[in-house]
$ cat target.csv   # CSV, C-alpha atoms
chain,number,residue,atom,x,y,z
R,1085,MET,CA,63.8,11.7,6.7
R,1086,LEU,CA,62.7,14.7,4.7
R,1087,PHE,CA,62.7,14.6,0.9
R,1088,VAL,CA,61.9,17.0,-1.9
R,1089,ILE,CA,59.4,15.3,-4.2
R,1090,PHE,CA,58.9,16.1,-7.9
R,1091,HIS,CA,57.6,14.5,-11.0
R,1092,VAL,CA,59.2,13.2,-14.2
R,1093,GLY,CA,56.3,12.6,-16.5
R,1094,ASP,CA,53.8,10.7,-14.4
R,1095,ASP,CA,56.5,9.2,-12.1
R,1096,ARG,CA,57.4,10.5,-8.7
R,1097,TYR,CA,61.0,11.0,-7.6
R,1098,VAL,CA,62.5,12.3,-4.4
R,1099,VAL,CA,65.9,13.8,-3.4
R,1100,ASP,CA,67.2,14.1,0.1
R,1101,ALA,CA,66.2,17.5,1.4
R,1102,LYS,CA,69.6,17.9,3.1
R,1103,LYS,CA,71.2,17.9,-0.3
R,1104,VAL,CA,69.0,20.8,-1.5
R,1105,SER,CA,70.3,24.2,-0.6
R,1106,GLU,CA,67.7,26.3,-2.4
R,1107,VAL,CA,64.6,25.9,-4.6
R,1108,ILE,CA,64.4,28.7,-7.1
R,1109,PRO,CA,62.0,29.5,-10.0
R,1110,LEU,CA,63.0,28.6,-13.5
R,1111,VAL,CA,65.3,31.6,-14.1
R,1112,LYS,CA,66.9,32.5,-17.4
R,1113,LEU,CA,70.0,30.5,-18.2
R,1114,SER,CA,73.1,31.1,-20.3
R,1115,ASN,CA,73.9,28.6,-22.9
R,1116,PHE,CA,76.6,26.0,-22.1
R,1117,PRO,CA,78.0,24.9,-25.4
R,1118,ASN,CA,79.4,21.4,-26.2
R,1119,THR,CA,77.6,19.6,-23.5
R,1120,ALA,CA,75.1,16.8,-23.3
R,1121,ASN,CA,71.6,17.6,-24.4
R,1122,TYR,CA,70.3,17.4,-20.8
R,1123,VAL,CA,72.6,20.2,-19.7
R,1124,THR,CA,70.2,23.2,-20.1
R,1125,GLY,CA,72.7,25.9,-19.3
R,1126,LEU,CA,74.5,28.0,-16.7
R,1127,CYS,CA,72.7,29.8,-14.0
R,1128,ASN,CA,74.3,32.9,-12.4
R,1129,TYR,CA,73.9,31.9,-8.8
R,1130,ARG,CA,75.1,34.6,-6.4
R,1131,ALA,CA,77.8,35.7,-8.9
R,1132,THR,CA,79.0,32.1,-9.5
R,1133,PRO,CA,78.1,30.1,-12.6
R,1134,VAL,CA,76.3,26.9,-11.8
R,1135,PRO,CA,75.6,24.2,-14.4
R,1136,VAL,CA,71.9,23.3,-14.6
R,1137,ILE,CA,70.7,20.0,-15.9
R,1138,ASP,CA,67.2,19.0,-16.9
R,1139,ILE,CA,66.1,15.9,-14.9
R,1140,CYS,CA,63.2,15.2,-17.2
R,1141,CYS,CA,65.5,15.2,-20.2
R,1142,LEU,CA,68.1,13.1,-18.4
R,1143,LEU,CA,65.6,10.5,-17.3
R,1144,ASP,CA,62.9,10.6,-19.9
R,1145,GLY,CA,64.4,12.4,-22.9
R,1146,VAL,CA,61.7,15.1,-22.8
R,1147,MET,CA,62.4,18.7,-21.8
R,1148,SER,CA,60.6,20.1,-18.8
R,1149,ARG,CA,57.7,22.3,-19.4
R,1150,ALA,CA,58.3,26.0,-18.7
R,1151,VAL,CA,55.5,26.5,-16.1
R,1152,MET,CA,55.4,27.9,-12.6
R,1153,SER,CA,55.7,24.6,-10.8
R,1154,THR,CA,58.8,23.6,-12.7
R,1155,ARG,CA,61.6,24.8,-10.5
R,1156,ILE,CA,65.4,24.5,-10.1
R,1157,LEU,CA,66.7,22.6,-7.1
R,1158,LEU,CA,70.1,23.9,-6.2
R,1159,VAL,CA,71.8,20.9,-4.8
R,1160,LYS,CA,75.2,20.3,-3.1
R,1161,TYR,CA,76.8,17.9,-5.5
R,1162,ILE,CA,79.9,15.8,-4.5
R,1163,ASP,CA,81.6,14.3,-7.5
R,1164,TYR,CA,83.5,11.0,-7.9
R,1165,ASN,CA,86.6,12.8,-6.7
R,1166,ASP,CA,85.0,14.1,-3.5
R,1167,ARG,CA,85.0,17.7,-4.8
R,1168,LYS,CA,82.0,19.8,-3.8
R,1169,HIS,CA,80.0,21.7,-6.4
R,1170,HIS,CA,76.7,23.4,-6.8
R,1171,LEU,CA,74.4,21.8,-9.4
R,1172,GLY,CA,71.0,23.0,-10.6
R,1173,MET,CA,68.4,20.4,-11.3
R,1174,ILE,CA,65.3,21.4,-13.3
R,1175,VAL,CA,62.4,19.4,-12.1
R,1176,GLU,CA,58.6,19.5,-12.7
R,1177,HIS,CA,56.0,19.8,-9.9
R,1178,ALA,CA,58.6,20.7,-7.3
R,1179,THR,CA,56.0,22.0,-4.9
R,1180,GLU,CA,56.2,19.8,-1.9
R,1181,THR,CA,58.4,18.1,0.6
R,1182,ILE,CA,57.6,14.7,2.0
R,1183,SER,CA,58.6,12.8,5.1
R,1184,LEU,CA,59.4,9.2,4.4
R,1185,GLU,CA,60.7,6.3,6.6
R,1186,ILE,CA,64.1,5.3,5.3
R,1187,GLY,CA,63.3,1.7,6.2
R,1188,CYS,CA,60.5,1.6,3.6
R,1189,PHE,CA,63.0,1.9,0.7
R,1190,HIS,CA,64.1,-1.1,-1.2
R,1191,ARG,CA,67.4,-1.4,-2.9
R,1192,SER,CA,67.1,-1.2,-6.6
R,1193,ALA,CA,68.2,-4.2,-8.7
R,1194,GLN,CA,70.7,-2.4,-11.0
R,1195,GLN,CA,73.4,-1.6,-8.4
R,1196,SER,CA,76.4,-2.4,-10.5
R,1197,SER,CA,76.3,0.1,-13.4
R,1198,GLU,CA,78.3,3.3,-13.2
R,1199,ASN,CA,75.6,5.9,-12.9
R,1200,ASN,CA,72.8,4.1,-11.1
R,1201,TYR,CA,71.4,7.3,-9.7
R,1202,VAL,CA,68.1,5.6,-8.8
R,1203,SER,CA,69.4,3.4,-6.1
R,1204,ASN,CA,66.4,3.0,-3.9
R,1205,MET,CA,62.6,2.9,-4.3
R,1206,MET,CA,59.5,2.6,-2.3
R,1207,THR,CA,55.8,2.2,-2.8
R,1208,ASP,CA,52.8,4.0,-1.3
R,1209,GLU,CA,49.1,4.0,-2.0
R,1210,SER,CA,49.5,6.0,-5.2
R,1211,GLY,CA,52.5,4.2,-6.7
R,1212,ILE,CA,56.2,4.0,-6.7
R,1213,ILE,CA,58.6,6.7,-5.4
R,1214,GLN,CA,62.1,6.5,-6.6
R,1215,TRP,CA,65.0,8.1,-4.7
R,1216,LEU,CA,67.5,10.0,-6.9
R,1217,ASP,CA,71.1,9.9,-5.6
R,1218,VAL,CA,72.3,13.4,-6.6
R,1219,ASP,CA,76.0,12.5,-6.3
R,1220,ARG,CA,75.7,9.8,-9.0
R,1221,LEU,CA,73.6,11.8,-11.5
R,1222,LEU,CA,76.5,12.7,-13.7
R,1223,SER,CA,78.9,10.3,-15.4
R,1224,ARG,CA,82.6,10.9,-14.9
R,1225,HIS,CA,82.9,12.3,-18.4
R,1226,ASP,CA,80.0,14.7,-18.0
R,1227,CYS,CA,81.2,15.8,-14.6
R,1228,ASP,CA,84.6,16.6,-16.1
R,1229,VAL,CA,82.9,18.6,-18.9
R,1230,LEU,CA,80.9,20.6,-16.4
R,1231,TYR,CA,83.4,21.2,-13.7
R,1232,GLY,CA,86.7,20.6,-15.3
R,1233,SER,CA,88.9,17.5,-15.0
R,1234,PRO,CA,90.6,17.1,-11.6
R,1235,THR,CA,94.0,16.6,-13.2
R,1236,GLU,CA,93.9,19.9,-15.1
R,1237,PRO,CA,94.7,23.0,-13.1
R,1238,GLU,CA,91.5,25.1,-12.5
R,1239,VAL,CA,91.4,28.3,-14.5
J,458,MET,CA,46.7,32.4,-18.4
J,459,ASP,CA,45.5,30.3,-21.3
J,460,GLU,CA,42.1,29.1,-20.0
J,461,GLN,CA,39.8,31.1,-17.9
J,462,ILE,CA,39.2,29.5,-14.5
J,463,LYS,CA,35.6,29.1,-13.8
J,464,ASN,CA,35.2,30.5,-10.3
J,465,CYS,CA,32.1,28.6,-9.3
J,466,TRP,CA,33.0,29.1,-5.6
J,467,SER,CA,32.2,32.8,-5.8
J,468,THR,CA,28.9,32.3,-7.6
J,469,ILE,CA,27.2,29.1,-6.4
J,470,GLY,CA,29.8,28.2,-3.8
J,471,VAL,CA,30.2,29.3,-0.2
J,472,TRP,CA,31.4,32.8,-1.2
J,473,GLY,CA,28.6,33.1,-3.7
J,474,THR,CA,25.6,35.3,-3.5
J,475,GLU,CA,23.3,33.2,-5.6
J,476,THR,CA,20.5,31.4,-3.8
J,477,ASP,CA,20.9,28.2,-5.9
J,478,LYS,CA,23.9,26.6,-4.2
J,479,CYS,CA,26.2,24.0,-5.8
J,480,PRO,CA,24.9,20.4,-5.2
J,481,ARG,CA,28.4,19.3,-4.3
J,482,LEU,CA,28.3,21.4,-1.1
J,483,ASN,CA,25.9,18.8,0.4
J,484,ASP,CA,28.8,16.3,0.4
J,485,VAL,CA,31.9,18.5,0.9
J,486,LEU,CA,30.3,21.1,3.1
J,487,HIS,CA,32.9,23.8,2.1
J,488,CYS,CA,34.4,24.7,-1.3
J,489,ARG,CA,37.9,24.2,0.1
J,490,ASN,CA,37.1,20.5,0.5
J,491,CYS,CA,36.0,20.3,-3.2
J,492,ASP,CA,38.4,19.0,-5.8
J,493,VAL,CA,37.1,21.6,-8.3
J,494,TYR,CA,38.5,24.3,-6.0
J,495,SER,CA,41.8,22.6,-5.3
J,496,ASN,CA,42.4,21.8,-8.9
J,497,ALA,CA,41.7,25.4,-9.8
J,498,GLY,CA,44.3,26.4,-7.2
J,499,ARG,CA,46.8,23.9,-8.6
J,500,SER,CA,46.3,25.2,-12.1
J,501,LEU,CA,47.9,28.4,-10.9
J,502,LEU,CA,51.2,26.5,-10.7
J,503,THR,CA,50.8,25.0,-14.2
J,504,ARG,CA,50.5,28.4,-15.9
J,505,ALA,CA,53.3,29.8,-18.0
J,506,ILE,CA,56.0,31.8,-16.2
J,507,PRO,CA,55.5,35.6,-16.6
J,508,GLU,CA,58.4,37.3,-18.2
J,509,ASP,CA,58.9,39.9,-15.5
J,510,TYR,CA,58.8,37.3,-12.8
J,511,GLN,CA,61.5,35.4,-14.5
J,512,ASN,CA,63.6,38.5,-15.1
J,513,TYR,CA,63.2,39.6,-11.5
J,514,TRP,CA,64.4,36.2,-10.1
J,515,THR,CA,67.2,36.0,-12.6
J,516,SER,CA,68.6,39.3,-11.4
J,517,LEU,CA,67.8,38.7,-7.8
J,518,LEU,CA,69.7,35.4,-7.8
J,519,ALA,CA,72.7,36.8,-9.6
J,520,LYS,CA,73.3,39.2,-6.7
J,521,GLU,CA,75.3,38.5,-3.7
J,522,LYS,CA,73.2,37.7,-0.6
J,523,ILE,CA,73.5,40.6,1.8
J,524,ARG,CA,73.0,40.1,5.4
J,525,LYS,CA,74.3,42.8,7.7
J,526,SER,CA,74.3,40.6,10.8
J,527,HIS,CA,73.3,37.2,12.0
J,528,ASP,CA,72.3,38.5,15.4
J,529,SER,CA,68.7,38.3,16.1
J,530,LEU,CA,66.3,37.9,19.0
J,531,SER,CA,63.1,36.0,19.2
J,532,ILE,CA,60.4,38.1,20.8
J,533,VAL,CA,56.9,37.4,21.9
J,534,VAL,CA,54.9,40.5,21.1
J,535,PHE,CA,51.7,41.3,23.0
J,536,ARG,CA,49.3,44.1,23.6
J,537,LEU,CA,48.7,45.6,27.0
J,538,GLY,CA,45.8,48.1,26.8
J,539,ASP,CA,47.1,50.5,24.2
J,540,GLU,CA,50.7,49.6,24.5
J,541,TRP,CA,52.5,47.1,22.3
J,542,LEU,CA,55.2,45.3,24.3
J,543,GLY,CA,57.6,42.4,23.8
J,544,LEU,CA,59.5,40.0,26.0
J,545,PRO,CA,62.3,37.6,24.8
J,546,THR,CA,60.6,34.3,24.0
J,547,ILE,CA,63.1,32.5,26.2
J,548,THR,CA,61.6,34.1,29.3
J,549,ILE,CA,58.1,33.0,28.5
J,550,LYS,CA,57.2,29.5,29.7
J,551,GLU,CA,53.7,29.3,28.5
J,552,ILE,CA,50.7,31.3,27.1
J,553,SER,CA,47.4,30.0,28.1
J,554,GLU,CA,43.7,31.1,28.2
J,555,ILE,CA,42.4,33.2,31.0
J,556,ARG,CA,41.7,31.3,34.2
J,557,PRO,CA,39.9,32.5,37.4
J,558,VAL,CA,42.1,34.3,39.9
J,559,HIS,CA,41.9,33.5,43.6
J,560,GLY,CA,42.4,36.6,45.8
J,561,ILE,CA,44.8,36.6,48.7
J,562,PRO,CA,43.3,37.9,51.9
J,563,ASN,CA,45.0,40.9,53.5
J,564,SER,CA,47.3,41.4,50.6
J,565,GLN,CA,48.6,44.9,50.6
J,566,SER,CA,50.3,44.8,47.2
J,567,SER,CA,48.5,46.6,44.4
J,568,VAL,CA,50.5,44.5,41.8
J,569,VAL,CA,49.8,41.1,43.1
J,570,LYS,CA,46.2,40.2,42.3
J,571,GLY,CA,46.1,36.7,43.7
J,572,LEU,CA,46.9,33.1,42.8
J,573,VAL,CA,46.0,31.2,39.7
J,574,ASN,CA,46.0,27.5,39.1
J,575,VAL,CA,48.1,26.5,36.1
J,576,ARG,CA,48.4,22.7,35.6
J,577,GLY,CA,47.9,22.1,39.3
J,578,GLU,CA,50.4,24.6,40.4
J,579,LEU,CA,49.5,27.8,42.2
J,580,LYS,CA,51.3,30.8,40.6
J,581,LEU,CA,51.3,34.5,41.4
J,582,TRP,CA,49.0,36.5,39.2
J,583,VAL,CA,50.4,40.0,38.8
J,584,SER,CA,49.0,43.0,37.1
J,585,MET,CA,51.5,44.2,34.5
J,586,GLY,CA,49.3,47.2,33.7
J,587,ARG,CA,49.5,48.3,37.3
J,588,LEU,CA,53.3,47.7,37.5
J,589,LEU,CA,54.0,49.7,34.3
J,590,SER,CA,51.1,52.2,34.8
J,591,VAL,CA,49.4,51.2,31.6
J,592,ASP,CA,45.7,51.9,31.2
J,593,LYS,CA,43.4,49.1,30.2
J,594,GLY,CA,42.8,51.2,27.2
J,595,GLY,CA,39.5,52.2,25.6
J,596,ASP,CA,38.8,49.6,23.0
J,597,LEU,CA,35.9,51.6,21.9
J,598,ASP,CA,34.9,49.6,18.9
J,599,ALA,CA,35.7,46.2,20.3
J,600,SER,CA,32.9,44.4,22.0
J,601,VAL,CA,33.3,42.8,25.4
J,602,LEU,CA,33.1,39.4,23.8
J,603,ARG,CA,35.9,40.1,21.4
J,604,LYS,CA,38.1,41.6,24.1
J,605,SER,CA,37.8,38.5,26.3
J,606,PHE,CA,38.3,36.3,23.3
J,607,LEU,CA,41.7,37.8,22.7
J,608,GLU,CA,42.9,38.0,26.3
J,609,ARG,CA,45.6,35.5,27.3
J,610,LEU,CA,47.7,34.7,30.3
J,611,VAL,CA,51.4,34.9,29.9
J,612,ILE,CA,53.6,32.9,32.3
J,613,PHE,CA,56.9,34.7,32.7
J,614,VAL,CA,59.8,32.8,34.2
J,615,LYS,CA,63.1,34.2,35.5
J,616,ASP,CA,65.6,32.4,37.7
J,617,GLY,CA,63.1,29.7,38.4
J,618,GLU,CA,60.4,32.1,39.6
J,619,GLN,CA,57.2,32.3,37.7
J,620,PHE,CA,54.8,35.2,37.4
J,621,VAL,CA,51.5,35.0,35.6
J,622,PHE,CA,50.0,38.2,34.0
J,623,PRO,CA,47.1,38.8,31.7
J,624,VAL,CA,47.6,40.6,28.4
J,625,SER,CA,45.0,42.1,26.1
J,626,GLU,CA,46.2,40.2,23.0
J,627,ILE,CA,49.1,38.1,21.8
J,628,ILE,CA,50.4,39.3,18.5
J,629,GLY,CA,52.8,36.5,18.0
J,630,THR,CA,56.5,35.5,18.1
J,631,HIS,CA,58.7,37.5,15.9
J,632,ARG,CA,62.4,37.3,15.1
J,633,ILE,CA,63.9,40.8,15.3
J,634,TRP,CA,67.4,41.8,14.1
J,635,ARG,CA,69.3,43.3,16.9
J,636,GLU,CA,70.4,46.2,14.7
J,637,ASN,CA,66.7,47.1,14.4
J,638,ILE,CA,66.2,47.5,18.1
J,639,ARG,CA,66.7,51.1,19.0
J,640,GLU,CA,67.4,52.7,22.3
J,641,VAL,CA,64.7,54.1,24.4
J,642,PRO,CA,64.6,58.0,24.3
J,643,ALA,CA,66.0,59.2,27.5
J,644,THR,CA,63.6,62.1,27.7
J,645,ALA,CA,60.5,60.0,28.3
J,646,ALA,CA,61.0,58.8,31.8
J,647,ASN,CA,57.7,57.3,32.9
J,648,SER,CA,57.1,53.9,34.5
J,649,ILE,CA,56.9,52.0,31.3
J,650,ASN,CA,60.0,53.4,29.6
J,651,SER,CA,62.1,52.7,32.7
J,652,HIS,CA,61.4,49.0,32.2
J,653,LEU,CA,62.3,48.9,28.5
J,654,ALA,CA,65.5,47.6,27.0
J,655,GLY,CA,64.7,49.0,23.6
J,656,LEU,CA,62.2,49.8,20.9
J,657,PHE,CA,61.5,48.3,17.5
J,658,GLU,CA,59.0,48.6,14.8
J,659,LEU,CA,56.6,45.8,13.8
J,660,GLU,CA,53.9,46.2,11.2
J,661,GLY,CA,54.2,49.9,11.4
J,662,ARG,CA,53.8,50.1,15.2
J,663,HIS,CA,56.4,50.8,17.9
J,664,VAL,CA,56.9,47.9,20.2
J,665,GLY,CA,58.7,48.3,23.5
J,666,LEU,CA,61.0,45.5,24.4
J,667,LEU,CA,60.8,44.9,28.1
J,668,ASP,CA,64.0,44.3,30.0
J,669,GLN,CA,63.6,41.0,31.7
J,670,GLU,CA,66.0,41.9,34.6
J,671,LEU,CA,64.4,45.2,35.3
J,672,LEU,CA,60.9,43.6,35.1
J,673,PHE,CA,61.9,40.8,37.4
J,674,ASN,CA,63.5,43.1,40.0
J,675,SER,CA,60.5,45.4,39.9
J,676,LEU,CA,58.1,42.5,40.3
J,677,GLN,CA,60.0,41.2,43.3
J,678,ARG,CA,60.0,44.7,45.0
J,679,ASN,CA,56.2,44.9,44.5
J,680,LEU,CA,55.4,41.5,46.0
J,681,VAL,CA,54.6,42.8,49.4
$ encode --input "target.csv" --output "structure tokens"
Amino acid sequence: MLFVIFHVGDDRYVVDAKKVSEVIPLVKLSNFPNTANYVTGLCNYRATPVPVIDICCLLDGVMSRAVMSTRILLVKYIDYNDRKHHLGMIVEHATETISLEIGCFHRSAQQSSENNYVSNMMTDESGIIQWLDVDRLLSRHDCDVLYGSPTEPEV
Amino acid sequence: MDEQIKNCWSTIGVWGTETDKCPRLNDVLHCRNCDVYSNAGRSLLTRAIPEDYQNYWTSLLAKEKIRKSHDSLSIVVFRLGDEWLGLPTITIKEISEIRPVHGIPNSQSSVVKGLVNVRGELKLWVSMGRLLSVDKGGDLDASVLRKSFLERLVIFVKDGEQFVFPVSEIIGTHRIWRENIREVPATAANSINSHLAGLFELEGRHVGLLDQELLFNSLQRNLV
């Protein structure tokens, strides 16, 4: 299975390449007020606003560095209500894809909590690779803030 | 860029002119195997994002993606003498290096040159240049060695029949939008144009797209 690999600090994470629709440079974002600190802003993606979150900030509490290898992964995000959205993820060192055997992954211990987005991990000669589950990145509350609550009619 | 990259590879490395070569070359043989070189390359990705680059991408991404049509054709482009020609990739079974041709005694055909052994199968070797009346071309600057280095055999297949013909050079496989394939001008009625399905531009050159049906019929007529 093909994955997009990136770094958070010194740790390596992957996301399923099938979930990634585009990898774009770190473009200029509009501010998204009243959101969690890891929501960097809104990206004008083909005339539709797409919320962009900073994965380094979400996982590590440190903002991503604004360098060339820091890029935005535009992923197909399916929320807890099975609605489909675009979501931008700012990640560092997004320069490569990697092919990994799905059988090499181990289930992570913390399965029960609500947003256990790191569900699987594996090891190779240079350390641990953790698999981010894109669909579980956002909590219900944050998802409602970014995309609107499913009970409210969409504006 | 904050720090200047020390480009040792163009002074004491393989691209350098100095006589004292880098001692690391004894181990790594070539600069591209050296971690100094690859780390310098990687540092290009850790530099700050230029403002105009960021502005360009921001405005590019904000626009709607425009694609006039989704209809494209994969074409193998090759050179035959001075002519640049293409055939749909689907009609080409294989491209291989030049092999010796075995003549057929008492063959009257000027197009059939003989038989060639490809993976244990004997196939007909035909001269595309003769069929289309294309000159071998005067590669004046190209040496004989270079010429033979670029020559390839193309195995063309149609309705289960296979023909092998040599070309001067394979340019590559290119995906061409159908809307970019123009009609052949009706005024130019020579042997090559009567075999063309269209014309398109590639890297500033005009490439003639051969019509597989016409080519196949013409080859069959010229077998005897």
$ closest_atom_pairs --input "target.csv" --of "chain J" --to "chain R" --cutoff "10 Å" --atoms "only C-alpha atoms" --output "Markdown table"
| residue | atom | partner | partner_atom | distance |
| --- | --- | --- | --- | --- |
| J:Arg499 | CA | R:Ser1153 | CA | 9.2 |
| J:Ser500 | CA | R:Met1152 | CA | 9.5 |
| J:Leu501 | CA | R:Met1152 | CA | 7.7 |
| J:Leu502 | CA | R:Met1152 | CA | 4.8 |
| J:Thr503 | CA | R:Val1151 | CA | 5.3 |
| J:Arg504 | CA | R:Val1151 | CA | 5.4 |
| J:Ala505 | CA | R:Val1151 | CA | 4.4 |
| J:Ile506 | CA | R:Val1151 | CA | 5.3 |
| J:Pro507 | CA | R:Met1152 | CA | 8.7 |
| J:Glu508 | CA | R:Lys1112 | CA | 9.8 |
| J:Tyr510 | CA | R:Val1111 | CA | 8.7 |
| J:Gln511 | CA | R:Val1111 | CA | 5.4 |
| J:Asn512 | CA | R:Val1111 | CA | 7.2 |
| J:Tyr513 | CA | R:Val1111 | CA | 8.7 |
| J:Trp514 | CA | R:Val1111 | CA | 6.2 |
| J:Thr515 | CA | R:Val1111 | CA | 5.0 |
| J:Ser516 | CA | R:Asn1128 | CA | 8.6 |
| J:Leu517 | CA | R:Arg1130 | CA | 8.5 |
| J:Leu518 | CA | R:Tyr1129 | CA | 5.6 |
| J:Ala519 | CA | R:Arg1130 | CA | 4.6 |
| J:Lys520 | CA | R:Arg1130 | CA | 4.9 |
| J:Glu521 | CA | R:Arg1130 | CA | 4.7 |
| J:Lys522 | CA | R:Arg1130 | CA | 6.8 |
$ atom_distance --input "target.csv" --atom1 "CA of Asn1115 in chain R" --atom2 "CA of Gln1214 in chain R"
29.9 Å
$ atom_distance --input "target.csv" --atom1 "CA of Glu1106 in chain R" --atom2 "CA of Gly1172 in chain R"
9.4 Å
$ residues_around --input "target.csv" --residues "Leu659 in chain J" --least-positions-apart "5" --cutoff "9 Å" --atoms "all atoms listed in the file" --output "number ranges by chain"
J: 631, 633, 664
$ residues_around --input "target.csv" --residues "range 589-591 of chain J" --least-positions-apart "4" --cutoff "12 Å" --atoms "all atoms listed in the file" --output "PDB file with C-alpha atoms, in the coordinates of the input"
ATOM      1  CA  ARG J 536      49.300  44.100  23.600  1.00  0.00           C
ATOM      2  CA  LEU J 537      48.700  45.600  27.000  1.00  0.00           C
ATOM      3  CA  GLY J 538      45.800  48.100  26.800  1.00  0.00           C
ATOM      4  CA  ASP J 539      47.100  50.500  24.200  1.00  0.00           C
ATOM      5  CA  GLU J 540      50.700  49.600  24.500  1.00  0.00           C
ATOM      6  CA  TRP J 541      52.500  47.100  22.300  1.00  0.00           C
ATOM      7  CA  LEU J 542      55.200  45.300  24.300  1.00  0.00           C
ATOM      8  CA  SER J 567      48.500  46.600  44.400  1.00  0.00           C
ATOM      9  CA  VAL J 568      50.500  44.500  41.800  1.00  0.00           C
ATOM     10  CA  VAL J 583      50.400  40.000  38.800  1.00  0.00           C
ATOM     11  CA  SER J 584      49.000  43.000  37.100  1.00  0.00           C
ATOM     12  CA  MET J 585      51.500  44.200  34.500  1.00  0.00           C
ATOM     13  CA  GLY J 595      39.500  52.200  25.600  1.00  0.00           C
ATOM     14  CA  VAL J 624      47.600  40.600  28.400  1.00  0.00           C
ATOM     15  CA  SER J 625      45.000  42.100  26.100  1.00  0.00           C
ATOM     16  CA  ALA J 646      61.000  58.800  31.800  1.00  0.00           C
ATOM     17  CA  ASN J 647      57.700  57.300  32.900  1.00  0.00           C
ATOM     18  CA  SER J 648      57.100  53.900  34.500  1.00  0.00           C
ATOM     19  CA  ILE J 649      56.900  52.000  31.300  1.00  0.00           C
ATOM     20  CA  ASN J 650      60.000  53.400  29.600  1.00  0.00           C
ATOM     21  CA  SER J 651      62.100  52.700  32.700  1.00  0.00           C
ATOM     22  CA  HIS J 652      61.400  49.000  32.200  1.00  0.00           C
ATOM     23  CA  LEU J 653      62.300  48.900  28.500  1.00  0.00           C
ATOM     24  CA  GLY J 665      58.700  48.300  23.500  1.00  0.00           C
ATOM     25  CA  LEU J 667      60.800  44.900  28.100  1.00  0.00           C
ATOM     26  CA  LEU J 671      64.400  45.200  35.300  1.00  0.00           C
ATOM     27  CA  LEU J 672      60.900  43.600  35.100  1.00  0.00           C
ATOM     28  CA  SER J 675      60.500  45.400  39.900  1.00  0.00           C
ATOM     29  CA  LEU J 676      58.100  42.500  40.300  1.00  0.00           C
ATOM     30  CA  ASN J 679      56.200  44.900  44.500  1.00  0.00           C
TER      31      ASN J 679
END
$ atom_distance --input "target.csv" --atom1 "CA of Leu1230 in chain R" --atom2 "CA of Met1205 in chain R"
28.2 Å
$ closest_residue --input "target.csv" --among "R:Ala1120, R:Cys1140, R:Val1104, R:Ile1089" --to "Val1229 in chain R" --atoms "all atoms listed in the file"
R:Ala1120
$ axis_aligned_box --input "target.csv" --around "range 1163-1176 of chain R" --padding-each-side "8 Å" --output "JSON"
{"center_x": 72.6, "center_y": 17.2, "center_z": -8.4, "size_x": 44.0, "size_y": 28.4, "size_z": 25.8}
$ residues_around --input "target.csv" --residues "range 480-485 of chain J" --least-positions-apart "5" --cutoff "8 Å" --atoms "only C-alpha atoms" --output "number ranges by chain"
J: 470, 490-491
$ closest_residue --input "target.csv" --among "R:Asp1138, R:Asp1094, R:Glu1180, R:Asp1163" --to "Tyr1231 in chain R" --atoms "all atoms listed in the file"
R:Asp1163
$ closest_residue --input "target.csv" --among "J:Gly473, J:Gly543, J:Gly577, J:Gly571" --to "Phe613 in chain J" --atoms "all atoms listed in the file"
J:Gly543
$ closest_residue --input "target.csv" --among "R:Val1134, R:Leu1171, R:Val1146, R:Ile1156" --to "Leu1221 in chain R" --atoms "only C-alpha atoms"
R:Leu1171
$ residues_around --input "target.csv" --residues "Pro1117 in chain R" --least-positions-apart "3" --cutoff "12 Å" --atoms "all atoms listed in the file" --output "list in words"
Ser1114, Ala1120, Asn1121, Tyr1122, Val1123, Thr1124, Gly1125, Leu1126, Pro1135, Val1229 and Leu1230 of chain R
$ closest_residue --input "target.csv" --among "R:Phe1087, R:Val1098, R:Leu1158, R:Asn1200" --to "Trp1215 in chain R" --atoms "all atoms listed in the file"
R:Val1098
$ residues_around --input "target.csv" --residues "Lys1103 in chain R" --least-positions-apart "5" --cutoff "9 Å" --atoms "all atoms listed in the file" --output "ChimeraX atom specification"
/R:1158-1161,1218
$ closest_residue --input "target.csv" --among "J:Asp668, J:Asp509, J:Glu578, J:Glu475" --to "Gln619 in chain J" --atoms "all atoms listed in the file"
J:Glu578
$ residues_near_point --input "target.csv" --point "(31.3, 27.1, 1.7)" --cutoff "7 Å" --atoms "all atoms listed in the file" --output "NGL selection string"
:J and (470-472 or 486-488)
